[in-house]
$ cat work04.tsv   # TSV, C-alpha atoms
chain	number	residue	atom	x	y	z
A	1434	MET	CA	23.89	30.27	56.01
A	1435	GLU	CA	26.59	32.75	54.91
A	1436	GLU	CA	24.91	33.26	51.57
A	1437	PHE	CA	21.60	33.88	53.27
A	1438	LEU	CA	23.14	36.52	55.57
A	1439	GLU	CA	24.91	38.15	52.66
A	1440	LYS	CA	21.71	38.28	50.64
A	1441	ARG	CA	19.90	39.89	53.58
A	1442	ALA	CA	22.69	42.41	54.00
A	1443	GLU	CA	22.53	43.30	50.29
A	1444	GLU	CA	18.75	43.68	50.49
A	1445	ALA	CA	18.96	45.83	53.61
A	1446	GLU	CA	21.51	48.07	51.92
A	1447	GLU	CA	19.40	48.27	48.79
A	1448	ALA	CA	16.46	49.36	50.94
A	1449	GLU	CA	18.71	51.86	52.73
A	1450	ASP	CA	18.04	50.08	56.00
A	1451	TRP	CA	21.53	50.99	57.12
A	1452	GLN	CA	21.22	49.74	60.69
A	1453	THR	CA	20.25	46.21	59.63
A	1454	ALA	CA	22.89	46.22	56.89
A	1455	LEU	CA	25.52	47.29	59.41
A	1456	GLU	CA	24.70	44.49	61.83
A	1457	LEU	CA	24.73	41.88	59.06
A	1458	TRP	CA	27.99	43.02	57.43
A	1459	LYS	CA	29.59	43.25	60.86
A	1460	GLU	CA	28.55	39.67	61.66
A	1461	LEU	CA	29.77	38.39	58.31
A	1462	ALA	CA	33.10	40.20	58.69
A	1463	ALA	CA	33.67	38.86	62.21
A	1464	LYS	CA	32.83	35.29	61.22
A	1465	ASN	CA	34.67	35.11	57.92
A	1466	GLN	CA	37.48	37.66	58.24
A	1467	GLU	CA	37.04	38.52	54.58
A	1468	VAL	CA	38.12	41.80	52.99
A	1469	SER	CA	34.86	42.27	51.10
A	1470	PHE	CA	32.77	42.08	54.28
A	1471	PHE	CA	35.00	44.49	56.20
A	1472	VAL	CA	34.81	46.98	53.31
A	1473	ARG	CA	31.01	46.73	53.15
A	1474	TYR	CA	30.79	47.02	56.94
A	1475	GLY	CA	33.00	50.12	56.92
A	1476	SER	CA	31.08	51.69	54.07
A	1477	VAL	CA	27.74	51.30	55.86
A	1478	ALA	CA	29.22	52.49	59.18
A	1479	GLU	CA	30.36	55.62	57.33
A	1480	LYS	CA	26.82	56.21	56.05
A	1481	LEU	CA	25.62	56.01	59.63
A	1482	GLU	CA	28.36	58.47	60.63
A	1483	ARG	CA	29.86	55.88	62.96
A	1484	TRP	CA	33.28	57.17	62.07
A	1485	GLU	CA	35.48	55.21	64.47
A	1486	GLU	CA	33.68	52.00	63.60
A	1487	ALA	CA	34.14	52.67	59.89
A	1488	GLU	CA	37.83	53.43	60.40
A	1489	ASN	CA	38.28	50.20	62.34
A	1490	ALA	CA	36.53	48.18	59.64
A	1491	PHE	CA	38.70	49.65	56.87
A	1492	THR	CA	41.79	49.09	59.04
A	1493	GLN	CA	40.84	45.42	59.35
A	1494	ALA	CA	40.35	45.23	55.58
A	1495	LEU	CA	43.77	46.81	55.02
A	1496	ARG	CA	45.37	44.35	57.45
A	1497	LEU	CA	44.11	41.57	55.17
A	1498	GLU	CA	45.00	43.37	51.94
A	1499	PRO	CA	47.72	45.96	52.68
A	1500	THR	CA	48.25	47.08	49.07
A	1501	SER	CA	44.64	47.67	48.08
A	1502	SER	CA	44.22	51.08	46.48
A	1503	LEU	CA	40.44	50.84	46.83
A	1504	ILE	CA	40.58	50.34	50.60
A	1505	MET	CA	42.99	53.27	50.96
A	1506	GLU	CA	40.61	55.37	48.87
A	1507	ASN	CA	37.75	54.36	51.16
A	1508	MET	CA	39.86	55.43	54.11
A	1509	GLY	CA	40.63	58.77	52.43
A	1510	SER	CA	36.98	59.38	51.70
A	1511	LEU	CA	36.09	58.54	55.30
A	1512	TRP	CA	38.56	61.14	56.57
A	1513	ALA	CA	37.24	63.73	54.15
A	1514	TYR	CA	33.69	63.28	55.41
A	1515	ARG	CA	34.06	62.55	59.10
A	1516	THR	CA	32.91	65.32	61.39
A	1517	ASP	CA	34.31	64.08	64.68
A	1518	LYS	CA	37.80	65.49	64.08
A	1519	GLY	CA	39.23	68.89	63.16
A	1520	GLU	CA	38.48	69.79	59.56
A	1521	ALA	CA	41.98	70.80	58.42
A	1522	ASP	CA	43.63	67.76	60.00
A	1523	SER	CA	40.96	65.47	58.57
A	1524	PHE	CA	41.53	66.74	55.03
A	1525	GLN	CA	45.30	66.39	55.50
A	1526	THR	CA	44.82	62.78	56.58
A	1527	ALA	CA	42.45	62.20	53.64
A	1528	LYS	CA	45.11	63.58	51.29
A	1529	GLN	CA	47.74	61.21	52.70
A	1530	TRP	CA	45.47	58.22	52.17
A	1531	PHE	CA	44.68	59.22	48.59
A	1532	LEU	CA	48.40	59.73	47.90
A	1533	HIS	CA	49.12	56.28	49.35
A	1534	ALA	CA	46.41	54.82	47.11
A	1535	LEU	CA	47.94	56.52	44.06
A	1536	LYS	CA	51.19	54.64	44.64
A	1537	HIS	CA	49.29	51.47	43.78
A	1538	GLU	CA	46.89	52.68	41.11
A	1539	ARG	CA	46.08	55.87	39.20
A	1540	ASN	CA	42.50	56.23	38.05
A	1541	ALA	CA	40.18	59.17	37.37
A	1542	ARG	CA	37.96	58.53	40.37
A	1543	LEU	CA	40.83	58.48	42.83
A	1544	LEU	CA	42.42	61.55	41.26
A	1545	THR	CA	39.10	63.39	41.43
A	1546	HIS	CA	38.88	62.65	45.14
A	1547	LEU	CA	42.42	63.85	45.65
A	1548	GLY	CA	41.73	66.99	43.59
A	1549	ALA	CA	38.66	67.79	45.67
A	1550	THR	CA	40.80	67.35	48.80
A	1551	TYR	CA	43.38	69.81	47.46
A	1552	VAL	CA	40.57	72.32	46.89
A	1553	ALA	CA	39.42	71.82	50.47
A	1554	LEU	CA	42.99	72.50	51.56
A	1555	ASP	CA	43.09	75.67	49.39
A	1556	ASP	CA	45.76	74.24	47.10
A	1557	ASN	CA	44.10	75.05	43.79
A	1558	ALA	CA	47.27	74.59	41.74
A	1559	ALA	CA	47.68	70.99	42.91
A	1560	ALA	CA	43.93	70.46	42.45
A	1561	ARG	CA	44.11	71.67	38.87
A	1562	ASP	CA	47.02	69.35	38.03
A	1563	THR	CA	45.18	66.45	39.61
A	1564	PHE	CA	41.90	67.04	37.74
A	1565	GLU	CA	43.88	67.50	34.51
A	1566	GLU	CA	45.54	64.13	35.05
A	1567	ALA	CA	42.14	62.57	35.77
A	1568	ILE	CA	40.74	63.69	32.41
A	1569	THR	CA	43.93	62.66	30.65
A	1570	ILE	CA	43.41	59.15	32.01
A	1571	ASP	CA	39.67	59.23	31.35
A	1572	PRO	CA	38.47	62.06	29.09
A	1573	ASP	CA	34.89	61.10	29.88
A	1574	TYR	CA	35.16	61.45	33.64
A	1575	GLU	CA	32.57	64.19	33.94
A	1576	GLU	CA	33.14	65.03	37.58
A	1577	ALA	CA	36.78	65.93	36.92
A	1578	LEU	CA	35.60	68.06	33.98
A	1579	TYR	CA	33.09	69.82	36.23
A	1580	ASN	CA	35.62	70.44	38.99
A	1581	LEU	CA	38.17	71.82	36.55
A	1582	ALA	CA	35.43	74.09	35.16
A	1583	ALA	CA	34.70	75.26	38.70
A	1584	LEU	CA	38.35	76.26	39.15
A	1585	ASP	CA	38.21	78.17	35.84
A	1586	GLU	CA	34.77	79.76	36.30
A	1587	LYS	CA	36.06	83.25	37.13
A	1588	THR	CA	39.48	83.26	35.52
A	1589	ASN	CA	38.81	81.48	32.23
A	1590	PRO	CA	35.05	81.39	31.60
A	1591	GLN	CA	35.44	80.29	27.99
A	1592	ARG	CA	37.34	77.17	28.99
A	1593	SER	CA	34.92	76.60	31.83
A	1594	VAL	CA	32.02	76.57	29.34
A	1595	GLU	CA	33.88	74.12	27.08
A	1596	LEU	CA	34.57	71.74	29.97
A	1597	LEU	CA	30.99	71.89	31.21
A	1598	GLU	CA	29.58	71.30	27.75
A	1599	ARG	CA	31.70	68.15	27.58
A	1600	ALA	CA	30.45	67.15	31.02
A	1601	ILE	CA	26.77	67.47	30.03
A	1602	GLN	CA	27.38	65.58	26.81
A	1603	ILE	CA	28.58	62.70	28.96
A	1604	ASP	CA	25.80	63.14	31.52
A	1605	PRO	CA	22.92	65.28	30.21
A	1606	ASP	CA	21.35	65.22	33.67
A	1607	TYR	CA	24.32	66.70	35.49
A	1608	ALA	CA	22.30	69.35	37.33
A	1609	ILE	CA	25.09	71.36	38.94
A	1610	ALA	CA	26.93	71.52	35.60
A	1611	HIS	CA	23.80	73.07	34.04
A	1612	GLN	CA	23.59	75.49	36.96
A	1613	MET	CA	27.17	76.64	36.44
A	1614	LEU	CA	26.60	76.97	32.69
A	1615	GLY	CA	23.59	79.15	33.48
A	1616	ARG	CA	25.76	81.49	35.54
A	1617	LEU	CA	28.48	81.60	32.89
A	1618	PHE	CA	26.03	82.42	30.08
A	1619	GLN	CA	24.31	85.04	32.20
A	1620	ARG	CA	27.66	86.74	32.83
A	1621	ALA	CA	28.33	86.52	29.08
A	1622	GLN	CA	24.96	88.26	28.53
A	1623	ASP	CA	23.59	85.28	26.67
A	1624	LEU	CA	20.32	85.25	28.59
A	1625	PRO	CA	18.41	82.69	26.49
A	1626	ARG	CA	21.17	80.13	26.98
A	1627	ALA	CA	21.42	81.02	30.66
A	1628	GLU	CA	17.71	80.42	31.04
A	1629	TYR	CA	17.92	77.14	29.14
A	1630	HIS	CA	20.55	75.79	31.54
A	1631	PHE	CA	18.85	77.02	34.70
A	1632	ARG	CA	15.65	75.38	33.44
A	1633	ARG	CA	17.48	72.12	32.70
A	1634	SER	CA	18.97	72.17	36.16
A	1635	LEU	CA	15.48	72.63	37.63
A	1636	GLU	CA	14.01	69.88	35.47
A	1637	ILE	CA	16.55	67.50	36.96
A	1638	ASP	CA	16.22	68.80	40.51
A	1639	PRO	CA	13.14	71.02	40.89
A	1640	ALA	CA	13.79	71.62	44.59
A	1641	ASP	CA	17.34	72.88	44.20
A	1642	TYR	CA	17.41	76.11	46.17
A	1643	TRP	CA	20.25	77.82	44.31
A	1644	SER	CA	19.05	76.96	40.81
A	1645	ASN	CA	15.69	78.48	41.76
A	1646	MET	CA	17.38	81.61	43.12
A	1647	TYR	CA	19.51	82.02	39.97
A	1648	MET	CA	16.42	81.46	37.82
A	1649	ALA	CA	14.44	84.06	39.75
A	1650	ASN	CA	17.27	86.54	39.43
A	1651	LEU	CA	17.48	85.95	35.67
A	1652	LEU	CA	13.73	86.42	35.27
A	1653	GLY	CA	13.92	89.63	37.28
A	1654	VAL	CA	16.74	90.93	35.09
A	1655	GLN	CA	14.50	90.39	32.07
A	1656	GLY	CA	11.65	92.27	33.73
A	1657	ARG	CA	9.54	89.12	34.02
A	1658	ASN	CA	8.61	90.18	37.51
A	1659	ALA	CA	5.56	87.99	38.15
A	1660	GLU	CA	7.51	84.85	37.22
A	1661	ALA	CA	10.53	86.02	39.19
A	1662	GLU	CA	8.41	86.65	42.28
A	1663	GLN	CA	6.84	83.20	42.03
A	1664	VAL	CA	10.22	81.50	41.75
A	1665	TYR	CA	11.75	83.56	44.57
A	1666	ARG	CA	8.77	82.70	46.75
A	1667	PHE	CA	9.18	79.00	46.05
A	1668	ALA	CA	12.96	79.05	46.60
A	1669	THR	CA	12.75	80.91	49.89
A	1670	SER	CA	10.05	78.51	51.09
A	1671	LEU	CA	12.56	75.68	50.59
A	1672	HIS	CA	15.15	77.27	52.86
A	1673	PRO	CA	13.65	80.13	54.86
A	1674	GLU	CA	16.64	79.91	57.21
A	1675	ILE	CA	18.99	81.31	54.54
A	1676	ALA	CA	18.85	84.97	55.53
A	1677	GLY	CA	20.67	86.18	52.42
A	1678	GLY	CA	18.06	84.56	50.17
A	1679	ILE	CA	15.19	86.17	52.09
A	1680	GLU	CA	16.89	89.54	51.84
A	1681	THR	CA	17.47	89.08	48.10
A	1682	PHE	CA	13.77	88.32	47.63
A	1683	ALA	CA	12.72	91.26	49.81
A	1684	ARG	CA	14.95	93.61	47.86
A	1685	PHE	CA	13.49	92.32	44.61
A	1686	LEU	CA	9.98	93.03	45.91
A	1687	GLU	CA	11.02	96.55	46.89
A	1688	SER	CA	12.51	97.07	43.46
A	1689	ILE	CA	9.13	96.41	41.87
A	1690	GLY	CA	7.30	98.63	44.35
A	1691	LYS	CA	5.99	95.89	46.65
A	1692	ASP	CA	7.31	97.34	49.88
A	1693	GLU	CA	4.59	95.85	52.06
A	1694	GLU	CA	5.21	92.38	50.60
A	1695	ALA	CA	8.92	92.86	51.22
A	1696	ARG	CA	8.23	93.72	54.86
A	1697	LYS	CA	6.12	90.57	55.22
A	1698	VAL	CA	8.84	88.40	53.68
A	1699	ARG	CA	11.41	89.77	56.12
A	1700	THR	CA	9.18	89.24	59.14
A	1701	GLN	CA	8.42	85.64	58.16
A	1702	GLN	CA	12.11	84.83	58.49
A	1703	PRO	CA	12.61	82.15	61.17
B	235	MET	CA	31.02	75.70	70.78
B	236	GLU	CA	29.26	78.96	71.59
B	237	GLU	CA	32.25	80.85	70.35
B	238	ALA	CA	32.18	78.89	67.09
B	239	ALA	CA	28.47	79.56	66.70
B	240	GLY	CA	29.06	83.24	67.38
B	241	LEU	CA	31.83	83.38	64.81
B	242	SER	CA	29.62	81.63	62.30
B	243	LEU	CA	26.77	84.09	62.85
B	244	ARG	CA	29.16	87.01	62.60
B	245	SER	CA	30.59	85.73	59.35
B	246	VAL	CA	27.10	85.19	57.88
B	247	ALA	CA	26.16	88.71	58.89
B	248	GLY	CA	29.39	89.94	57.34
B	249	VAL	CA	28.71	88.35	53.97
B	250	ILE	CA	25.12	89.52	53.89
B	251	GLY	CA	26.31	92.99	54.88
B	252	PHE	CA	28.88	92.94	52.10
B	253	ILE	CA	26.36	91.78	49.51
B	254	PHE	CA	23.79	94.37	50.44
B	255	ALA	CA	26.19	97.22	51.01
B	256	SER	CA	26.79	97.26	47.26
B	257	SER	CA	23.04	97.08	46.68
B	258	GLN	CA	22.46	100.00	49.02
B	259	LYS	CA	25.07	101.99	47.16
B	260	THR	CA	23.18	101.26	43.97
B	261	ALA	CA	19.97	102.35	45.63
B	262	ASN	CA	21.56	105.60	46.73
B	263	GLU	CA	22.97	106.22	43.27
B	264	GLN	CA	19.53	105.59	41.87
B	265	GLN	CA	18.00	107.99	44.36
B	266	ASP	CA	20.45	110.69	43.28
B	267	THR	CA	19.61	110.12	39.66
B	268	ILE	CA	15.88	110.25	40.19
B	269	GLN	CA	15.97	113.23	42.52
B	270	GLY	CA	18.23	115.02	40.09
B	271	HIS	CA	15.45	114.71	37.56
B	272	GLY	CA	12.91	116.04	40.04
B	273	LYS	CA	10.86	112.86	39.89
B	274	LYS	CA	10.79	112.20	43.60
B	275	ASP	CA	10.05	114.51	46.47
B	276	SER	CA	10.50	112.15	49.37
B	277	ALA	CA	13.85	111.78	51.11
B	278	GLU	CA	13.14	108.07	51.47
B	279	PRO	CA	15.67	106.00	49.52
B	280	GLU	CA	14.51	104.35	46.34
B	281	PRO	CA	14.23	100.59	46.35
B	282	ALA	CA	17.46	98.74	45.69
B	283	ALA	CA	16.48	97.99	42.14
B	284	ALA	CA	19.29	95.73	41.04
B	285	SER	CA	19.64	93.94	44.33
B	286	GLY	CA	16.70	91.65	43.72
B	287	GLY	CA	17.48	91.08	40.11
B	288	GLN	CA	15.21	93.55	38.33
B	289	GLY	CA	16.90	94.98	35.30
B	290	VAL	CA	17.64	98.44	36.65
B	291	ARG	CA	20.92	99.74	37.98
B	292	GLY	CA	21.62	103.28	39.12
B	293	GLY	CA	18.37	104.42	37.52
B	294	LYS	CA	19.41	102.99	34.16
B	295	LYS	CA	18.53	99.80	32.40
B	296	ASP	CA	20.92	97.04	33.43
B	297	ARG	CA	22.49	96.18	30.10
B	298	SER	CA	24.84	93.64	31.65
B	299	GLY	CA	21.95	91.25	32.24
B	300	GLN	CA	23.80	89.91	35.25
B	301	GLY	CA	21.55	91.10	38.02
B	302	ASN	CA	22.79	89.52	41.21
B	303	VAL	CA	24.43	86.44	39.78
B	304	ASP	CA	27.81	87.15	41.42
B	305	GLN	CA	26.26	88.09	44.75
B	306	LEU	CA	24.13	84.95	44.72
B	307	GLU	CA	27.17	82.83	43.93
B	308	GLY	CA	29.06	84.45	46.82
B	309	LEU	CA	26.16	83.72	49.11
B	310	GLN	CA	25.96	80.13	47.83
B	311	GLN	CA	29.66	79.52	48.46
B	312	HIS	CA	29.47	81.12	51.87
B	313	GLN	CA	26.44	79.03	52.77
B	314	GLN	CA	28.15	75.84	51.61
B	315	ASN	CA	31.25	76.63	53.64
B	316	THR	CA	29.50	77.63	56.85
B	317	THR	CA	27.00	74.78	56.86
B	318	LYS	CA	29.55	72.19	55.80
B	319	ALA	CA	29.25	69.07	57.90
B	320	GLY	CA	31.99	66.92	56.45
B	321	GLY	CA	32.76	66.42	52.81
B	322	TYR	CA	33.90	68.75	50.09
B	323	ARG	CA	32.91	72.15	48.79
B	324	ILE	CA	33.45	70.90	45.24
B	325	SER	CA	31.74	68.05	43.46
B	326	ASP	CA	32.60	64.53	44.54
B	327	LYS	CA	29.16	62.94	44.65
B	328	LYS	CA	29.73	60.83	41.56
B	329	SER	CA	33.15	59.64	42.70
B	330	LYS	CA	31.70	58.76	46.08
B	331	GLN	CA	28.97	56.71	44.38
B	332	ASN	CA	31.61	55.10	42.19
B	333	ILE	CA	33.53	53.94	45.28
B	334	ASP	CA	30.32	52.43	46.66
B	335	ASN	CA	29.77	50.62	43.38
B	336	ALA	CA	33.36	49.36	43.39
B	337	ASN	CA	32.93	48.18	47.01
B	338	LYS	CA	29.85	46.21	46.02
B	339	LYS	CA	31.77	44.37	43.31
B	340	ILE	CA	34.40	43.01	45.70
B	341	LYS	CA	33.99	39.30	46.18
B	342	SER	CA	37.55	38.16	46.60
B	343	LEU	CA	41.08	39.37	47.26
B	344	GLU	CA	41.66	39.30	43.54
B	345	ASP	CA	38.71	41.66	43.06
B	346	VAL	CA	40.14	44.09	45.61
B	347	GLU	CA	43.37	44.22	43.66
B	348	ASN	CA	41.53	44.76	40.38
B	349	GLN	CA	39.15	47.54	41.43

$ encode --input "work04.tsv" --output "structure tokens"
Amino acid sequence: MEEFLEKRAEEAEEAEDWQTALELWKELAAKNQEVSFFVRYGSVAEKLERWEEAENAFTQALRLEPTSSLIMENMGSLWAYRTDKGEADSFQTAKQWFLHALKHERNARLLTHLGATYVALDDNAAARDTFEEAITIDPDYEEALYNLAALDEKTNPQRSVELLERAIQIDPDYAIAHQMLGRLFQRAQDLPRAEYHFRRSLEIDPADYWSNMYMANLLGVQGRNAEAEQVYRFATSLHPEIAGGIETFARFLESIGKDEEARKVRTQQP
Amino acid sequence: MEEAAGLSLRSVAGVIGFIFASSQKTANEQQDTIQGHGKKDSAEPEPAAASGGQGVRGGKKDRSGQGNVDQLEGLQQHQQNTTKAGGYRISDKKSKQNIDNANKKIKSLEDVENQ
């Protein structure tokens, strides 16, 4: 019976039927009082943004296994994402959970979460140290490489490029890493490489608004106005609510003498 | 709530204003350049050439090749911050997925300790 319920819960989760998965994991956790079921229950409750329920499930799991770094990390992640509490306090609580987890285990994933929390708390120095430690522990942890590159993007672009090139060697389909490389190469006036990386980013995620906007801007810079217009038009159709994007497109149209088109674009804004 | 929404709208307007103030300055500089060469009679400002990414700045070819990359990045960061509904403004998607994968591997207390 238990195995049947567990199988159904797994299948529901696989199918992203979160509501069914939640009910099944909850039932299994209540009946069996097992850590694994409470963790799965909490994880699915988090996906459904049932924050209190998720917190309670992880608390139950921690009661059964008080020294589990993974459960503490789950709790930290929950606090980083929950939207029912004040943002600053939530990130502070997340940080405390990640620091508790680190007392029991140090791994690249956990350090990357902690580093991202430091960034959210505007403590870039601590974030940098944390990402550095993550890649010392696991030099192939591409997300720590990316985040470190993000911290260096303006102040040390050369290092940022090196880190991102390592990240895309590890994961060639790391779209946001390609996007950042595109920006860095464009600033370095290496337009062919910039275009290559914006195109790679769009191959991986064709509907990414910002990669399309950067691509359109790059095409415009090169005087490839028809292509730029087409890409701007597509990007702004994805998110017409982003006023700054609409204005960027309108200004581009004005710059190529299409004032009437620019007026139309502005008036179509929701 | 309304106050928060008002603040958010004001801050969006502020960023857009900041981004396009520099573009307008460029447009005005361009206008001066062109008028100085007697190429334009109208008092109407020239289009903000660089603001949309075309390779012209201040009436000259934009040799930087940057176009609006910095302005777009500023807008992107602002958008991510103002529309943030939980979560980070830096990448954690992979780590989040990795936790999910680790959660799925738990079968026993021993597994919890070893994850």

$ atom_distance --input "work04.tsv" --atom1 "CA of Ala1487 (chain A)" --atom2 "CA of Gly1509 (chain A)"
11.6 Å

$ closest_residue --input "work04.tsv" --among "A:His1546, A:Arg1666, A:Lys1587, A:Arg1684" --to "Ile333 (chain B)" --atoms "only C-alpha atoms"
A:His1546

$ closest_atom_pairs --input "work04.tsv" --of "chain A" --to "chain B" --cutoff "7 Å" --atoms "only C-alpha atoms" --output "CSV"
residue,atom,partner,partner_atom,distance
A:Val1468,CA,B:Leu343,CA,6.9
A:Ser1469,CA,B:Ile340,CA,5.5
A:Val1472,CA,B:Asn337,CA,6.7
A:Arg1473,CA,B:Asn337,CA,6.6
A:Ser1501,CA,B:Glu347,CA,5.7
A:Leu1503,CA,B:Gln349,CA,6.5
A:Ala1513,CA,B:Gly321,CA,5.4
A:Tyr1514,CA,B:Gly320,CA,4.1
A:Arg1515,CA,B:Gly320,CA,5.5
A:Thr1516,CA,B:Gly320,CA,5.3
A:Arg1542,CA,B:Ser329,CA,5.5
A:His1546,CA,B:Asp326,CA,6.6
A:Ala1549,CA,B:Ile324,CA,6.1
A:Ala1553,CA,B:Tyr322,CA,6.3
A:Glu1576,CA,B:Lys328,CA,6.7
A:Asn1580,CA,B:Ser325,CA,6.4
A:Arg1616,CA,B:Val303,CA,6.7
A:Gln1619,CA,B:Gln300,CA,5.8
A:Arg1620,CA,B:Gln300,CA,5.6
A:Gln1622,CA,B:Gly299,CA,5.6
A:Tyr1647,CA,B:Val303,CA,6.6
A:Asn1650,CA,B:Gly287,CA,4.6
A:Leu1651,CA,B:Gly287,CA,6.8
A:Gly1653,CA,B:Gln288,CA,4.3
A:Val1654,CA,B:Gly289,CA,4.1
A:Gln1655,CA,B:Gly289,CA,6.1
A:Gly1656,CA,B:Gln288,CA,6.0
A:Gly1677,CA,B:Ile250,CA,5.8
A:Thr1681,CA,B:Gly286,CA,5.1
A:Phe1682,CA,B:Gly286,CA,5.9
A:Arg1684,CA,B:Gly286,CA,4.9
A:Phe1685,CA,B:Gly286,CA,3.4
A:Glu1687,CA,B:Pro281,CA,5.2
A:Ser1688,CA,B:Ala283,CA,4.3

$ write_last_selection --input "work04.tsv" --atoms "C-alpha atoms" --output "PDB file, keeping the file's coordinate frame"
ATOM      1  CA  VAL A1468      38.120  41.800  52.990  1.00  0.00           C
ATOM      2  CA  SER A1469      34.860  42.270  51.100  1.00  0.00           C
ATOM      3  CA  VAL A1472      34.810  46.980  53.310  1.00  0.00           C
ATOM      4  CA  ARG A1473      31.010  46.730  53.150  1.00  0.00           C
ATOM      5  CA  SER A1501      44.640  47.670  48.080  1.00  0.00           C
ATOM      6  CA  LEU A1503      40.440  50.840  46.830  1.00  0.00           C
ATOM      7  CA  ALA A1513      37.240  63.730  54.150  1.00  0.00           C
ATOM      8  CA  TYR A1514      33.690  63.280  55.410  1.00  0.00           C
ATOM      9  CA  ARG A1515      34.060  62.550  59.100  1.00  0.00           C
ATOM     10  CA  THR A1516      32.910  65.320  61.390  1.00  0.00           C
ATOM     11  CA  ARG A1542      37.960  58.530  40.370  1.00  0.00           C
ATOM     12  CA  HIS A1546      38.880  62.650  45.140  1.00  0.00           C
ATOM     13  CA  ALA A1549      38.660  67.790  45.670  1.00  0.00           C
ATOM     14  CA  ALA A1553      39.420  71.820  50.470  1.00  0.00           C
ATOM     15  CA  GLU A1576      33.140  65.030  37.580  1.00  0.00           C
ATOM     16  CA  ASN A1580      35.620  70.440  38.990  1.00  0.00           C
ATOM     17  CA  ARG A1616      25.760  81.490  35.540  1.00  0.00           C
ATOM     18  CA  GLN A1619      24.310  85.040  32.200  1.00  0.00           C
ATOM     19  CA  ARG A1620      27.660  86.740  32.830  1.00  0.00           C
ATOM     20  CA  GLN A1622      24.960  88.260  28.530  1.00  0.00           C
ATOM     21  CA  TYR A1647      19.510  82.020  39.970  1.00  0.00           C
ATOM     22  CA  ASN A1650      17.270  86.540  39.430  1.00  0.00           C
ATOM     23  CA  LEU A1651      17.480  85.950  35.670  1.00  0.00           C
ATOM     24  CA  GLY A1653      13.920  89.630  37.280  1.00  0.00           C
ATOM     25  CA  VAL A1654      16.740  90.930  35.090  1.00  0.00           C
ATOM     26  CA  GLN A1655      14.500  90.390  32.070  1.00  0.00           C
ATOM     27  CA  GLY A1656      11.650  92.270  33.730  1.00  0.00           C
ATOM     28  CA  GLY A1677      20.670  86.180  52.420  1.00  0.00           C
ATOM     29  CA  THR A1681      17.470  89.080  48.100  1.00  0.00           C
ATOM     30  CA  PHE A1682      13.770  88.320  47.630  1.00  0.00           C
ATOM     31  CA  ARG A1684      14.950  93.610  47.860  1.00  0.00           C
ATOM     32  CA  PHE A1685      13.490  92.320  44.610  1.00  0.00           C
ATOM     33  CA  GLU A1687      11.020  96.550  46.890  1.00  0.00           C
ATOM     34  CA  SER A1688      12.510  97.070  43.460  1.00  0.00           C
TER      35      SER A1688
END

$ atom_distance --input "work04.tsv" --atom1 "CA of Lys1691 (chain A)" --atom2 "CA of Met1648 (chain A)"
19.9 Å

$ atom_distance --input "work04.tsv" --atom1 "CA of Ile1689 (chain A)" --atom2 "CA of Gln1701 (chain A)"
19.5 Å

$ axis_aligned_box --input "work04.tsv" --around "region 1532-1546 of chain A" --padding-each-side "4 Å" --output "AutoDock Vina command-line options"
--center_x 44.6 --center_y 57.4 --center_z 43.4 --size_x 21.2 --size_y 19.9 --size_z 20.0
